[in-house]
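File shown here: data.cif, holding mmCIF, C-alpha atoms (C1' of nucleotides).
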```cif
data_query
loop_
_atom_site.group_PDB
_atom_site.id
_atom_site.type_symbol
_atom_site.label_atom_id
_atom_site.label_comp_id
_atom_site.auth_asym_id
_atom_site.auth_seq_id
_atom_site.Cartn_x
_atom_site.Cartn_y
_atom_site.Cartn_z
ATOM 1 C CA MET A 1 -13.233 172.744 112.749
ATOM 2 C CA ASN A 2 -14.687 169.374 113.511
ATOM 3 C CA GLN A 3 -18.218 168.542 112.435
ATOM 4 C CA HIS A 4 -19.192 166.251 115.288
ATOM 5 C CA ILE A 5 -22.654 165.242 114.311
ATOM 6 C CA HIS A 6 -25.026 165.341 117.263
ATOM 7 C CA PRO A 7 -27.872 162.983 116.324
ATOM 8 C CA MET A 8 -30.581 165.147 117.923
ATOM 9 C CA LEU A 9 -32.631 163.242 120.460
ATOM 10 C CA SER A 10 -36.407 163.081 120.756
ATOM 11 C CA ALA A 11 -38.063 164.821 123.695
ATOM 12 C CA PHE A 12 -38.594 161.359 125.161
ATOM 13 C CA GLU A 13 -34.929 160.522 125.105
ATOM 14 C CA VAL A 14 -33.852 163.932 126.308
ATOM 15 C CA VAL A 15 -36.070 163.682 129.321
ATOM 16 C CA ALA A 16 -35.068 160.111 130.092
ATOM 17 C CA GLU A 17 -31.844 161.453 131.622
ATOM 18 C CA PRO A 18 -32.419 162.335 135.295
ATOM 19 C CA ASN A 19 -29.936 165.212 135.393
ATOM 20 C CA ARG A 20 -31.559 166.781 132.376
ATOM 21 C CA ARG A 21 -34.893 166.591 134.131
ATOM 22 C CA ARG A 22 -33.324 168.336 137.105
ATOM 23 C CA ILE A 23 -31.976 171.057 134.843
ATOM 24 C CA LEU A 24 -35.393 171.631 133.350
ATOM 25 C CA ASP A 25 -36.907 171.684 136.809
ATOM 26 C CA LEU A 26 -34.471 174.380 137.858
ATOM 27 C CA LEU A 27 -35.096 176.424 134.761
ATOM 28 C CA ARG A 28 -38.789 176.324 135.507
ATOM 29 C CA GLU A 29 -38.112 178.931 138.194
ATOM 30 C CA GLY A 30 -36.566 181.299 135.688
ATOM 31 C CA GLN A 31 -33.524 181.710 133.495
ATOM 32 C CA ARG A 32 -30.105 180.885 134.931
ATOM 33 C CA PRO A 33 -26.461 181.053 133.927
ATOM 34 C CA VAL A 34 -24.536 177.815 133.620
ATOM 35 C CA GLY A 35 -22.520 178.359 136.775
ATOM 36 C CA ASP A 36 -25.689 178.580 138.766
ATOM 37 C CA LEU A 37 -26.826 175.200 137.498
ATOM 38 C CA VAL A 38 -23.399 173.728 138.176
ATOM 39 C CA ASP A 39 -23.645 174.810 141.802
ATOM 40 C CA ARG A 40 -27.131 173.523 142.345
ATOM 41 C CA LEU A 41 -26.646 170.231 140.569
ATOM 42 C CA GLY A 42 -23.261 169.302 141.937
ATOM 43 C CA LEU A 43 -22.116 168.259 138.477
ATOM 44 C CA THR A 44 -18.986 169.472 136.756
ATOM 45 C CA GLN A 45 -19.274 172.442 134.433
ATOM 46 C CA PRO A 46 -18.496 170.454 131.262
ATOM 47 C CA THR A 47 -21.117 167.898 132.121
ATOM 48 C CA VAL A 48 -23.730 170.576 132.615
ATOM 49 C CA SER A 49 -22.733 172.335 129.408
ATOM 50 C CA LYS A 50 -23.127 169.091 127.501
ATOM 51 C CA HIS A 51 -26.570 168.447 128.889
ATOM 52 C CA LEU A 52 -27.495 172.001 127.996
ATOM 53 C CA ARG A 53 -26.300 171.342 124.489
ATOM 54 C CA VAL A 54 -28.637 168.393 124.198
ATOM 55 C CA LEU A 55 -31.501 170.421 125.630
ATOM 56 C CA LYS A 56 -30.800 173.236 123.218
ATOM 57 C CA ASP A 57 -30.687 170.912 120.203
ATOM 58 C CA ALA A 58 -34.040 169.535 121.274
ATOM 59 C CA ARG A 59 -35.290 173.137 121.548
ATOM 60 C CA LEU A 60 -36.098 172.643 125.202
ATOM 61 C CA VAL A 61 -34.008 175.657 126.154
ATOM 62 C CA ASP A 62 -33.009 179.012 124.720
ATOM 63 C CA VAL A 63 -29.743 180.774 125.332
ATOM 64 C CA GLU A 64 -29.190 184.446 125.796
ATOM 65 C CA GLN A 65 -25.679 185.793 125.958
ATOM 66 C CA ASP A 66 -24.723 188.127 128.801
ATOM 67 C CA ALA A 67 -21.038 188.954 128.381
ATOM 68 C CA GLN A 68 -19.214 185.672 129.043
ATOM 69 C CA ARG A 69 -22.241 184.207 130.683
ATOM 70 C CA ARG A 70 -25.020 182.344 128.934
ATOM 71 C CA LEU A 71 -28.464 182.587 130.385
ATOM 72 C CA TYR A 72 -30.518 179.507 129.740
ATOM 73 C CA ARG A 73 -34.259 179.709 129.634
ATOM 74 C CA LEU A 74 -36.866 176.960 129.518
ATOM 75 C CA ARG A 75 -38.926 176.337 126.397
ATOM 76 C CA PRO A 76 -41.571 173.815 127.363
ATOM 77 C CA GLU A 77 -43.208 173.437 123.949
ATOM 78 C CA PRO A 78 -41.446 170.238 122.846
ATOM 79 C CA LEU A 79 -42.852 168.528 125.918
ATOM 80 C CA VAL A 80 -46.241 168.710 124.287
ATOM 81 C CA GLU A 81 -45.247 165.661 122.271
ATOM 82 C CA LEU A 82 -44.760 163.729 125.486
ATOM 83 C CA ASP A 83 -48.014 164.961 126.846
ATOM 84 C CA SER A 84 -49.940 164.017 123.730
ATOM 85 C CA TRP A 85 -48.571 160.516 123.791
ATOM 86 C CA LEU A 86 -49.489 160.244 127.413
ATOM 87 C CA ALA A 87 -53.029 161.554 127.067
ATOM 88 C CA PRO A 88 -54.831 158.318 126.150
ATOM 89 C CA TYR A 89 -53.140 156.540 129.045
ATOM 90 C CA ARG A 90 -54.193 159.197 131.489
ATOM 91 C CA GLU A 91 -57.760 158.274 130.723
ATOM 92 C CA LEU A 92 -57.015 154.607 131.339
ATOM 93 C CA TRP A 93 -55.457 154.934 134.735
ATOM 94 C CA SER A 94 -58.079 157.257 136.056
ATOM 95 C CA ARG A 95 -60.759 154.756 135.032
ATOM 96 C CA ARG A 96 -58.755 152.107 136.818
ATOM 97 C CA LEU A 97 -58.511 154.110 139.990
ATOM 98 C CA ASP A 98 -62.254 154.699 139.911
ATOM 99 C CA ALA A 99 -62.812 150.974 139.510
ATOM 100 C CA LEU A 100 -60.495 150.309 142.416
ATOM 101 C CA GLU A 101 -62.428 152.699 144.612
ATOM 102 C CA ARG A 102 -65.720 151.093 143.746
ATOM 103 C CA HIS A 103 -64.217 147.697 144.354
ATOM 104 C CA LEU A 104 -62.976 148.672 147.779
ATOM 105 C CA ASP A 105 -66.406 150.063 148.658
ATOM 106 C CA THR A 106 -68.023 146.755 147.709
ATOM 107 C CA MET A 107 -65.387 144.699 149.485
ATOM 108 C CA ALA A 108 -66.229 146.302 152.808
ATOM 109 C CA ASP A 109 -69.284 144.003 153.080
ATOM 110 C CA GLU A 110 -67.879 140.793 151.606
ATOM 111 C CA PRO A 111 -65.833 138.140 153.413
ATOM 112 C CA PRO A 112 -62.070 138.056 152.651
ATOM 113 C CA ALA A 113 -61.501 135.807 149.587
ATOM 114 C CA PRO A 114 -58.445 133.594 148.846
ATOM 115 C CA THR A 115 -55.755 135.326 146.759
ATOM 116 C CA ARG A 116 -56.655 133.671 143.440
ATOM 117 C CA ARG A 117 -57.418 135.086 140.044
ATOM 118 C CA SER A 118 -60.821 135.047 138.405
ATOM 119 C CA PRO A 119 -62.396 131.550 137.983
ATOM 120 C CA ALA A 120 -60.163 130.389 135.096
ATOM 121 C CA PRO A 121 -62.025 131.494 131.935
ATOM 122 C CA LYS A 122 -61.758 128.511 129.552
ATOM 123 C CA ARG A 123 -58.591 128.807 127.448
ATOM 124 C CA ARG A 124 -59.007 129.245 123.715
ATOM 125 C CA LYS A 125 -57.363 127.070 121.121
ATOM 126 C CA ARG A 126 -55.648 128.416 118.061
ATOM 127 C CA MET B 1 -29.364 129.004 135.894
ATOM 128 C CA ASN B 2 -27.905 132.383 135.226
ATOM 129 C CA GLN B 3 -28.942 135.345 137.337
ATOM 130 C CA HIS B 4 -28.546 138.070 134.728
ATOM 131 C CA ILE B 5 -29.320 141.164 136.693
ATOM 132 C CA HIS B 6 -31.652 143.435 134.790
ATOM 133 C CA PRO B 7 -31.050 146.910 136.218
ATOM 134 C CA MET B 8 -34.752 147.864 136.124
ATOM 135 C CA LEU B 9 -35.360 151.025 134.168
ATOM 136 C CA SER B 10 -37.425 154.020 135.248
ATOM 137 C CA ALA B 11 -40.691 154.686 133.477
ATOM 138 C CA PHE B 12 -38.915 157.532 131.705
ATOM 139 C CA GLU B 13 -36.253 155.298 130.277
ATOM 140 C CA VAL B 14 -38.670 152.531 129.403
ATOM 141 C CA VAL B 15 -40.789 154.899 127.400
ATOM 142 C CA ALA B 16 -37.831 156.556 125.721
ATOM 143 C CA GLU B 17 -37.589 153.552 123.402
ATOM 144 C CA PRO B 18 -39.879 154.051 120.379
ATOM 145 C CA ASN B 19 -40.688 150.374 119.892
ATOM 146 C CA ARG B 20 -41.700 150.064 123.491
ATOM 147 C CA ARG B 21 -44.043 152.996 123.048
ATOM 148 C CA ARG B 22 -45.542 151.218 120.037
ATOM 149 C CA ILE B 23 -46.025 148.083 122.113
ATOM 150 C CA LEU B 24 -47.827 150.021 124.793
ATOM 151 C CA ASP B 25 -49.941 151.730 122.164
ATOM 152 C CA LEU B 26 -50.974 148.357 120.773
ATOM 153 C CA LEU B 27 -51.769 146.992 124.194
ATOM 154 C CA ARG B 28 -54.019 149.943 124.803
ATOM 155 C CA GLU B 29 -56.531 148.250 122.519
ATOM 156 C CA GLY B 30 -56.568 145.141 124.679
ATOM 157 C CA GLN B 31 -54.398 142.205 125.677
ATOM 158 C CA ARG B 32 -52.382 140.435 123.004
ATOM 159 C CA PRO B 33 -50.132 137.414 122.653
ATOM 160 C CA VAL B 34 -46.506 137.988 121.718
ATOM 161 C CA GLY B 35 -46.912 136.667 118.179
ATOM 162 C CA ASP B 36 -49.526 139.269 117.514
ATOM 163 C CA LEU B 37 -47.189 142.033 118.518
ATOM 164 C CA VAL B 38 -44.402 140.537 116.443
ATOM 165 C CA ASP B 39 -46.626 140.657 113.356
ATOM 166 C CA ARG B 40 -47.797 144.197 113.906
ATOM 167 C CA LEU B 41 -44.426 145.617 114.803
ATOM 168 C CA GLY B 42 -42.307 143.906 112.185
ATOM 169 C CA LEU B 43 -39.678 143.120 114.780
ATOM 170 C CA THR B 44 -38.219 139.713 115.467
ATOM 171 C CA GLN B 45 -39.783 137.629 118.204
ATOM 172 C CA PRO B 46 -36.749 137.738 120.519
ATOM 173 C CA THR B 47 -36.609 141.501 120.227
ATOM 174 C CA VAL B 48 -40.241 141.830 121.154
ATOM 175 C CA SER B 49 -39.888 139.398 124.041
ATOM 176 C CA LYS B 50 -37.006 141.420 125.389
ATOM 177 C CA HIS B 51 -38.936 144.656 125.233
ATOM 178 C CA LEU B 52 -41.806 142.934 126.966
ATOM 179 C CA ARG B 53 -39.412 141.835 129.661
ATOM 180 C CA VAL B 54 -38.393 145.420 130.254
ATOM 181 C CA LEU B 55 -42.008 146.523 130.311
ATOM 182 C CA LYS B 56 -42.901 143.787 132.754
ATOM 183 C CA ASP B 57 -40.018 144.658 135.081
ATOM 184 C CA ALA B 58 -41.232 148.239 135.062
ATOM 185 C CA ARG B 59 -44.731 146.940 135.844
ATOM 186 C CA LEU B 60 -46.098 148.495 132.707
ATOM 187 C CA VAL B 61 -47.532 145.171 131.584
ATOM 188 C CA ASP B 62 -48.994 142.038 133.113
ATOM 189 C CA VAL B 63 -48.711 138.550 131.671
ATOM 190 C CA GLU B 64 -51.325 135.865 131.660
ATOM 191 C CA GLN B 65 -50.428 132.412 130.474
ATOM 192 C CA ASP B 66 -52.643 130.703 127.914
ATOM 193 C CA ALA B 67 -51.057 127.347 127.092
ATOM 194 C CA GLN B 68 -47.807 128.167 125.292
ATOM 195 C CA ARG B 69 -48.955 131.676 124.636
ATOM 196 C CA ARG B 70 -48.509 134.630 126.938
ATOM 197 C CA LEU B 71 -51.121 137.318 126.878
ATOM 198 C CA TYR B 72 -49.742 140.704 127.694
ATOM 199 C CA ARG B 73 -51.938 143.375 129.155
ATOM 200 C CA LEU B 74 -51.291 147.060 129.742
ATOM 201 C CA ARG B 75 -50.865 148.468 133.233
ATOM 202 C CA PRO B 76 -50.775 152.232 132.860
ATOM 203 C CA GLU B 77 -50.187 153.100 136.509
ATOM 204 C CA PRO B 78 -46.410 153.632 136.358
ATOM 205 C CA LEU B 79 -46.986 156.298 133.749
ATOM 206 C CA VAL B 80 -48.418 158.450 136.485
ATOM 207 C CA GLU B 81 -44.849 159.283 137.451
ATOM 208 C CA LEU B 82 -44.241 160.694 133.998
ATOM 209 C CA ASP B 83 -47.462 162.619 134.109
ATOM 210 C CA SER B 84 -46.711 164.123 137.502
ATOM 211 C CA TRP B 85 -43.336 165.318 136.347
ATOM 212 C CA LEU B 86 -44.938 166.828 133.320
ATOM 213 C CA ALA B 87 -47.763 168.595 135.125
ATOM 214 C CA PRO B 88 -45.993 171.858 136.043
ATOM 215 C CA TYR B 89 -44.766 172.210 132.475
ATOM 216 C CA ARG B 90 -48.229 171.721 131.081
ATOM 217 C CA GLU B 91 -49.216 174.858 132.916
ATOM 218 C CA LEU B 92 -46.285 176.743 131.426
ATOM 219 C CA TRP B 93 -46.901 175.977 127.808
ATOM 220 C CA SER B 94 -50.576 176.719 127.992
ATOM 221 C CA ARG B 95 -49.794 180.129 129.473
ATOM 222 C CA ARG B 96 -47.367 180.623 126.628
ATOM 223 C CA LEU B 97 -49.901 179.787 124.002
ATOM 224 C CA ASP B 98 -52.343 182.208 125.604
ATOM 225 C CA ALA B 99 -49.697 184.898 125.555
ATOM 226 C CA LEU B 100 -49.023 184.171 121.914
ATOM 227 C CA GLU B 101 -52.680 184.540 121.100
ATOM 228 C CA ARG B 102 -52.915 187.853 122.899
ATOM 229 C CA HIS B 103 -49.765 189.001 121.193
ATOM 230 C CA LEU B 104 -51.100 188.138 117.772
ATOM 231 C CA ASP B 105 -54.305 190.012 118.552
ATOM 232 C CA THR B 106 -52.333 193.120 119.504
ATOM 233 C CA MET B 107 -50.026 192.837 116.511
ATOM 234 C CA ALA B 108 -52.956 193.130 114.140
ATOM 235 C CA ASP B 109 -52.933 196.917 114.778
ATOM 236 C CA GLU B 110 -49.198 197.580 114.973
ATOM 237 C CA PRO B 111 -46.816 198.133 112.066
ATOM 238 C CA PRO B 112 -44.489 195.202 111.216
ATOM 239 C CA ALA B 113 -41.275 195.586 113.274
ATOM 240 C CA PRO B 114 -37.736 194.498 112.273
ATOM 241 C CA THR B 115 -36.789 190.970 113.403
ATOM 242 C CA ARG B 116 -34.687 192.037 116.364
ATOM 243 C CA ARG B 117 -34.843 191.177 120.039
ATOM 244 C CA SER B 118 -36.027 193.543 122.739
ATOM 245 C CA PRO B 119 -34.083 196.883 122.943
ATOM 246 C CA ALA B 120 -30.915 195.439 124.530
ATOM 247 C CA PRO B 121 -31.667 195.601 128.291
ATOM 248 C CA LYS B 122 -28.416 196.846 129.854
ATOM 249 C CA ARG B 123 -26.235 193.840 130.762
ATOM 250 C CA ARG B 124 -25.498 193.331 134.434
ATOM 251 C CA LYS B 125 -22.042 193.062 135.883
ATOM 252 C CA ARG B 126 -21.072 190.368 138.353
ATOM 253 C "C1'" DC C 1 -42.568 110.013 123.339
ATOM 254 C "C1'" DA C 2 -41.593 112.658 119.048
ATOM 255 C "C1'" DT C 3 -42.645 116.702 117.269
ATOM 256 C "C1'" DC C 4 -44.719 121.098 116.666
ATOM 257 C "C1'" DT C 5 -45.777 125.738 118.470
ATOM 258 C "C1'" DA C 6 -45.102 129.888 121.239
ATOM 259 C "C1'" DT C 7 -42.108 132.267 123.863
ATOM 260 C "C1'" DA C 8 -37.964 133.264 126.698
ATOM 261 C "C1'" DT C 9 -33.146 133.547 127.284
ATOM 262 C "C1'" DG C 10 -28.146 133.531 126.401
ATOM 263 C "C1'" DC C 11 -24.194 135.227 123.969
ATOM 264 C "C1'" DC C 12 -22.128 138.529 120.972
ATOM 265 C "C1'" DT C 13 -21.471 142.782 118.392
ATOM 266 C "C1'" DT C 14 -22.223 147.383 117.612
ATOM 267 C "C1'" DG C 15 -23.252 151.833 118.711
ATOM 268 C "C1'" DA C 16 -24.265 155.425 121.816
ATOM 269 C "C1'" DC C 17 -24.245 158.102 125.882
ATOM 270 C "C1'" DA C 18 -22.435 160.020 130.365
ATOM 271 C "C1'" DG C 19 -18.837 161.826 132.623
ATOM 272 C "C1'" DG C 20 -13.674 162.915 133.527
ATOM 273 C "C1'" DC C 21 -10.028 165.824 132.200
ATOM 274 C "C1'" DA C 22 -7.657 169.052 129.352
ATOM 275 C "C1'" DT C 23 -8.067 172.763 126.493
ATOM 276 C "C1'" DA C 24 -10.161 176.211 123.330
ATOM 277 C "C1'" DT C 25 -12.872 180.384 122.984
ATOM 278 C "C1'" DA C 26 -14.631 184.819 124.036
ATOM 279 C "C1'" DG C 27 -15.682 188.679 126.817
ATOM 280 C "C1'" DA C 28 -13.983 191.678 130.811
ATOM 281 C "C1'" DT C 29 -10.637 194.231 133.156
ATOM 282 C "C1'" DG C 30 -6.547 196.645 134.511
ATOM 283 C "C1'" DC D 1 -1.978 193.095 125.791
ATOM 284 C "C1'" DA D 2 -1.880 189.884 129.872
ATOM 285 C "C1'" DT D 3 -4.867 187.812 132.594
ATOM 286 C "C1'" DC D 4 -9.106 186.452 134.655
ATOM 287 C "C1'" DT D 5 -13.833 184.587 134.184
ATOM 288 C "C1'" DA D 6 -17.549 181.853 132.128
ATOM 289 C "C1'" DT D 7 -18.587 178.507 129.097
ATOM 290 C "C1'" DA D 8 -18.010 175.201 125.222
ATOM 291 C "C1'" DT D 9 -15.712 171.498 123.072
ATOM 292 C "C1'" DG D 10 -12.597 167.630 122.163
ATOM 293 C "C1'" DC D 11 -10.773 163.198 123.336
ATOM 294 C "C1'" DC D 12 -10.949 159.019 126.029
ATOM 295 C "C1'" DT D 13 -13.019 155.477 128.726
ATOM 296 C "C1'" DG D 14 -16.459 152.643 131.054
ATOM 297 C "C1'" DT D 15 -21.001 151.229 130.728
ATOM 298 C "C1'" DC D 16 -24.970 149.631 128.808
ATOM 299 C "C1'" DA D 17 -28.791 149.030 125.718
ATOM 300 C "C1'" DA D 18 -30.757 147.033 121.262
ATOM 301 C "C1'" DG D 19 -30.893 143.712 118.168
ATOM 302 C "C1'" DG D 20 -29.138 139.363 115.584
ATOM 303 C "C1'" DC D 21 -28.811 134.556 115.974
ATOM 304 C "C1'" DA D 22 -28.978 130.198 118.237
ATOM 305 C "C1'" DT D 23 -30.980 127.634 121.597
ATOM 306 C "C1'" DA D 24 -33.634 126.443 125.797
ATOM 307 C "C1'" DT D 25 -38.190 125.758 127.747
ATOM 308 C "C1'" DA D 26 -42.872 124.406 128.125
ATOM 309 C "C1'" DG D 27 -47.314 123.217 126.592
ATOM 310 C "C1'" DA D 28 -50.008 120.737 122.806
ATOM 311 C "C1'" DT D 29 -50.870 117.037 119.880
ATOM 312 C "C1'" DG D 30 -50.881 112.686 117.499
#
```
As structure tokens, please, write out the structure in this file.
Amino acid sequence: MNQHIHPMLSAFEVVAEPNRRRILDLLREGQRPVGDLVDRLGLTQPTVSKHLRVLKDARLVDVEQDAQRRLYRLRPEPLVELDSWLAPYRELWSRRLDALERHLDTMADEPPAPTRRSPAPKRRKR
Amino acid sequence: MNQHIHPMLSAFEVVAEPNRRRILDLLREGQRPVGDLVDRLGLTQPTVSKHLRVLKDARLVDVEQDAQRRLYRLRPEPLVELDSWLAPYRELWSRRLDALERHLDTMADEPPAPTRRSPAPKRRKR
DNA sequence: CATCTATATGCCTTGACAGGCATATAGATG
DNA sequence: CATCTATATGCCTGTCAAGGCATATAGATG
């Protein structure tokens, strides 16, 4: 029996792979056997099984055995890490969008300006 | 002059790299020159510059030149993609946590049960 | 202009992952 | 038990990213 150490990826890395995102998206609709995923994804069965392995190691899915079939079910909890990291940024971009709106409102009255940056704020030394 | 095609990573992939997340986190506090980041991150300057290149290509940062220095500034907008993908899952895990709460409330009255799964719901054929 | 400073880029090595293909494993069925 | 079905795993290969090191580039300064 070979050990084959699987390094265990972070939620960030797991989700960086587009096909794994698709798998999670499918599992959002409910649990599915592997063959089902294979059909929908158009990937080979081994490929899907390997992605599922990664997802399972990252605790993003659960498996339930049904005879020879394995039913995979979504476990969204690990995504909380992603969401927490993202939270402070969410605030930033919504502020930005607000600012943009206000800017556009103002602009409506003003004449079109040349496409330059702000008036060159004196460079600092070091 | 060498072309050196940089394949342009998705926001997901960009953010999968821990050091790049740290860079973004630092830039959240305001714009910084490269040297600053080098000091704070304990990475070599070329390494940092390369990460910044990736971040710039993904439009996650802006550069402003200040003599020999380059001031990097955060641009959170591309993270919206990440957030949108995440949104439906956010719903799921909050439901789950609610369910857990309710469950724990109920449990308070019931006798402790053996650590088995639900009563083996008859397996389906295919 | 010689030199210093700040940063970018090029080349190279190493390690890892994704997928292809073959095969192992385990339950079902006659 | 022989065979079929569903899935997992192993091996191999191509690809590519991350970082180390050296060097190029560009502005500053005397």
Practice problem: Report the residues retrieved by the PyMOL selection byres ((chain A) within 9 of (chain C)) from the displayed file, expressed as a PyMOL selection string. | Solution: chain A and resi 44+46-47+67-69
Expected file: the selected residues, C-alpha atoms, as a compact mmCIF listing (two decimals), in the frame of the given file:
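Saved the output as selection_29.txt:
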```txt
# COMPACT_ATOMS: atom_id res chain seq x y z
CA THR A 44 -18.99 169.47 136.76
CA PRO A 46 -18.50 170.45 131.26
CA THR A 47 -21.12 167.90 132.12
CA ALA A 67 -21.04 188.95 128.38
CA GLN A 68 -19.21 185.67 129.04
CA ARG A 69 -22.24 184.21 130.68
```
Quick one: chain A onto chain B, least squares on all Cα paired in order, result as a short mmCIF file (atom, residue, chain, number, x, y, z; two decimals) with C-alpha atoms, keeping the file's coordinate frame?
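Contents of part29.cif, as written:
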```
data_model
loop_
_atom_site.label_atom_id
_atom_site.label_comp_id
_atom_site.auth_asym_id
_atom_site.auth_seq_id
_atom_site.Cartn_x
_atom_site.Cartn_y
_atom_site.Cartn_z
CA MET A 1 -28.98 129.11 135.83
CA ASN A 2 -27.53 132.49 135.07
CA GLN A 3 -28.46 135.48 137.19
CA HIS A 4 -28.31 138.17 134.53
CA ILE A 5 -29.11 141.24 136.51
CA HIS A 6 -31.56 143.48 134.68
CA PRO A 7 -31.02 146.95 136.16
CA MET A 8 -34.72 147.89 136.06
CA LEU A 9 -35.34 151.08 134.14
CA SER A 10 -37.41 154.07 135.21
CA ALA A 11 -40.70 154.73 133.43
CA PHE A 12 -38.92 157.59 131.67
CA GLU A 13 -36.25 155.36 130.25
CA VAL A 14 -38.65 152.59 129.35
CA VAL A 15 -40.78 154.94 127.36
CA ALA A 16 -37.82 156.60 125.66
CA GLU A 17 -37.61 153.59 123.33
CA PRO A 18 -39.91 154.11 120.33
CA ASN A 19 -40.74 150.43 119.84
CA ARG A 20 -41.72 150.12 123.47
CA ARG A 21 -44.06 153.05 123.04
CA ARG A 22 -45.58 151.29 120.05
CA ILE A 23 -46.06 148.15 122.11
CA LEU A 24 -47.83 150.08 124.81
CA ASP A 25 -49.96 151.80 122.20
CA LEU A 26 -51.02 148.43 120.83
CA LEU A 27 -51.78 147.06 124.25
CA ARG A 28 -54.02 150.03 124.89
CA GLU A 29 -56.57 148.33 122.64
CA GLY A 30 -56.59 145.22 124.79
CA GLN A 31 -54.43 142.29 125.76
CA ARG A 32 -52.44 140.50 123.07
CA PRO A 33 -50.19 137.48 122.69
CA VAL A 34 -46.58 138.04 121.71
CA GLY A 35 -47.02 136.74 118.19
CA ASP A 36 -49.66 139.33 117.55
CA LEU A 37 -47.29 142.11 118.53
CA VAL A 38 -44.54 140.59 116.41
CA ASP A 39 -46.80 140.73 113.37
CA ARG A 40 -47.95 144.26 113.91
CA LEU A 41 -44.57 145.68 114.79
CA GLY A 42 -42.50 143.97 112.15
CA LEU A 43 -39.83 143.16 114.72
CA THR A 44 -38.39 139.74 115.37
CA GLN A 45 -39.94 137.65 118.12
CA PRO A 46 -36.87 137.78 120.39
CA THR A 47 -36.70 141.53 120.11
CA VAL A 48 -40.34 141.87 121.07
CA SER A 49 -39.95 139.44 123.95
CA LYS A 50 -37.04 141.46 125.28
CA HIS A 51 -38.96 144.70 125.14
CA LEU A 52 -41.81 142.98 126.91
CA ARG A 53 -39.39 141.88 129.58
CA VAL A 54 -38.36 145.46 130.18
CA LEU A 55 -41.98 146.57 130.26
CA LYS A 56 -42.84 143.83 132.70
CA ASP A 57 -39.94 144.70 135.02
CA ALA A 58 -41.14 148.28 135.01
CA ARG A 59 -44.64 146.97 135.84
CA LEU A 60 -46.03 148.54 132.70
CA VAL A 61 -47.49 145.22 131.60
CA ASP A 62 -48.94 142.08 133.14
CA VAL A 63 -48.68 138.61 131.70
CA GLU A 64 -51.30 135.94 131.72
CA GLN A 65 -50.43 132.47 130.53
CA ASP A 66 -52.69 130.77 127.99
CA ALA A 67 -51.12 127.40 127.18
CA GLN A 68 -47.89 128.24 125.34
CA ARG A 69 -49.05 131.73 124.68
CA ARG A 70 -48.56 134.70 126.97
CA LEU A 71 -51.17 137.39 126.93
CA TYR A 72 -49.75 140.77 127.73
CA ARG A 73 -51.93 143.44 129.21
CA LEU A 74 -51.26 147.12 129.79
CA ARG A 75 -50.80 148.52 133.28
CA PRO A 76 -50.72 152.28 132.91
CA GLU A 77 -50.10 153.15 136.57
CA PRO A 78 -46.33 153.67 136.38
CA LEU A 79 -46.93 156.35 133.78
CA VAL A 80 -48.35 158.50 136.53
CA GLU A 81 -44.78 159.34 137.48
CA LEU A 82 -44.22 160.77 134.03
CA ASP A 83 -47.44 162.66 134.18
CA SER A 84 -46.66 164.16 137.56
CA TRP A 85 -43.30 165.37 136.40
CA LEU A 86 -44.91 166.87 133.37
CA ALA A 87 -47.73 168.64 135.20
CA PRO A 88 -45.96 171.89 136.12
CA TYR A 89 -44.74 172.26 132.55
CA ARG A 90 -48.20 171.79 131.16
CA GLU A 91 -49.20 174.92 132.99
CA LEU A 92 -46.26 176.80 131.52
CA TRP A 93 -46.87 176.02 127.90
CA SER A 94 -50.54 176.74 128.05
CA ARG A 95 -49.77 180.17 129.52
CA ARG A 96 -47.32 180.66 126.70
CA LEU A 97 -49.84 179.76 124.05
CA ASP A 98 -52.32 182.19 125.59
CA ALA A 99 -49.69 184.91 125.50
CA LEU A 100 -48.96 184.10 121.89
CA GLU A 101 -52.62 184.42 121.00
CA ARG A 102 -52.91 187.76 122.70
CA HIS A 103 -49.75 188.90 121.01
CA LEU A 104 -51.04 187.95 117.59
CA ASP A 105 -54.30 189.79 118.27
CA THR A 106 -52.36 192.95 119.15
CA MET A 107 -50.01 192.59 116.21
CA ALA A 108 -52.88 192.78 113.75
CA ASP A 109 -52.94 196.59 114.21
CA GLU A 110 -49.22 197.32 114.49
CA PRO A 111 -46.75 197.79 111.63
CA PRO A 112 -44.33 194.88 110.95
CA ALA A 113 -41.22 195.35 113.15
CA PRO A 114 -37.60 194.33 112.34
CA THR A 115 -36.66 190.84 113.57
CA ARG A 116 -34.71 191.99 116.65
CA ARG A 117 -34.97 191.06 120.28
CA SER A 118 -36.22 193.36 123.01
CA PRO A 119 -34.31 196.69 123.36
CA ALA A 120 -31.16 195.25 124.99
CA PRO A 121 -31.88 195.38 128.75
CA LYS A 122 -28.63 196.66 130.31
CA ARG A 123 -26.34 193.73 131.14
CA ARG A 124 -25.55 193.10 134.79
CA LYS A 125 -22.07 192.80 136.18
CA ARG A 126 -21.02 190.12 138.60
#
```
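We find atom CA of Ser10 of chain A and atom CA of Ala16 of chain B to be spaced 8.3 Å apart.
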Quiz item: Where does the PyMOL selection byres ((chain B) within 10 of (chain A)) land in this file, that is, which residues does it pick, as a ChimeraX atom specification?
Solution: /B:9-18,21,24-25,28,65-67,69,74-80,82-83,85-94,96-97,122-126
Self-check item: Residue IDs satisfying the PyMOL selection byres ((chain B and resi 62) around 6), as a ChimeraX atom specification
Solution: /B:61,63,72-73
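Here atom CA of Gly30 of chain A stands at a distance of 24.1 Å from atom CA of Leu104 of chain B.
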Practice problem: Just give me the gap between atom CA of Leu37 of chain B and atom CA of Arg22 of chain B in Å, one decimal is fine. | Solution: 9.5 Å
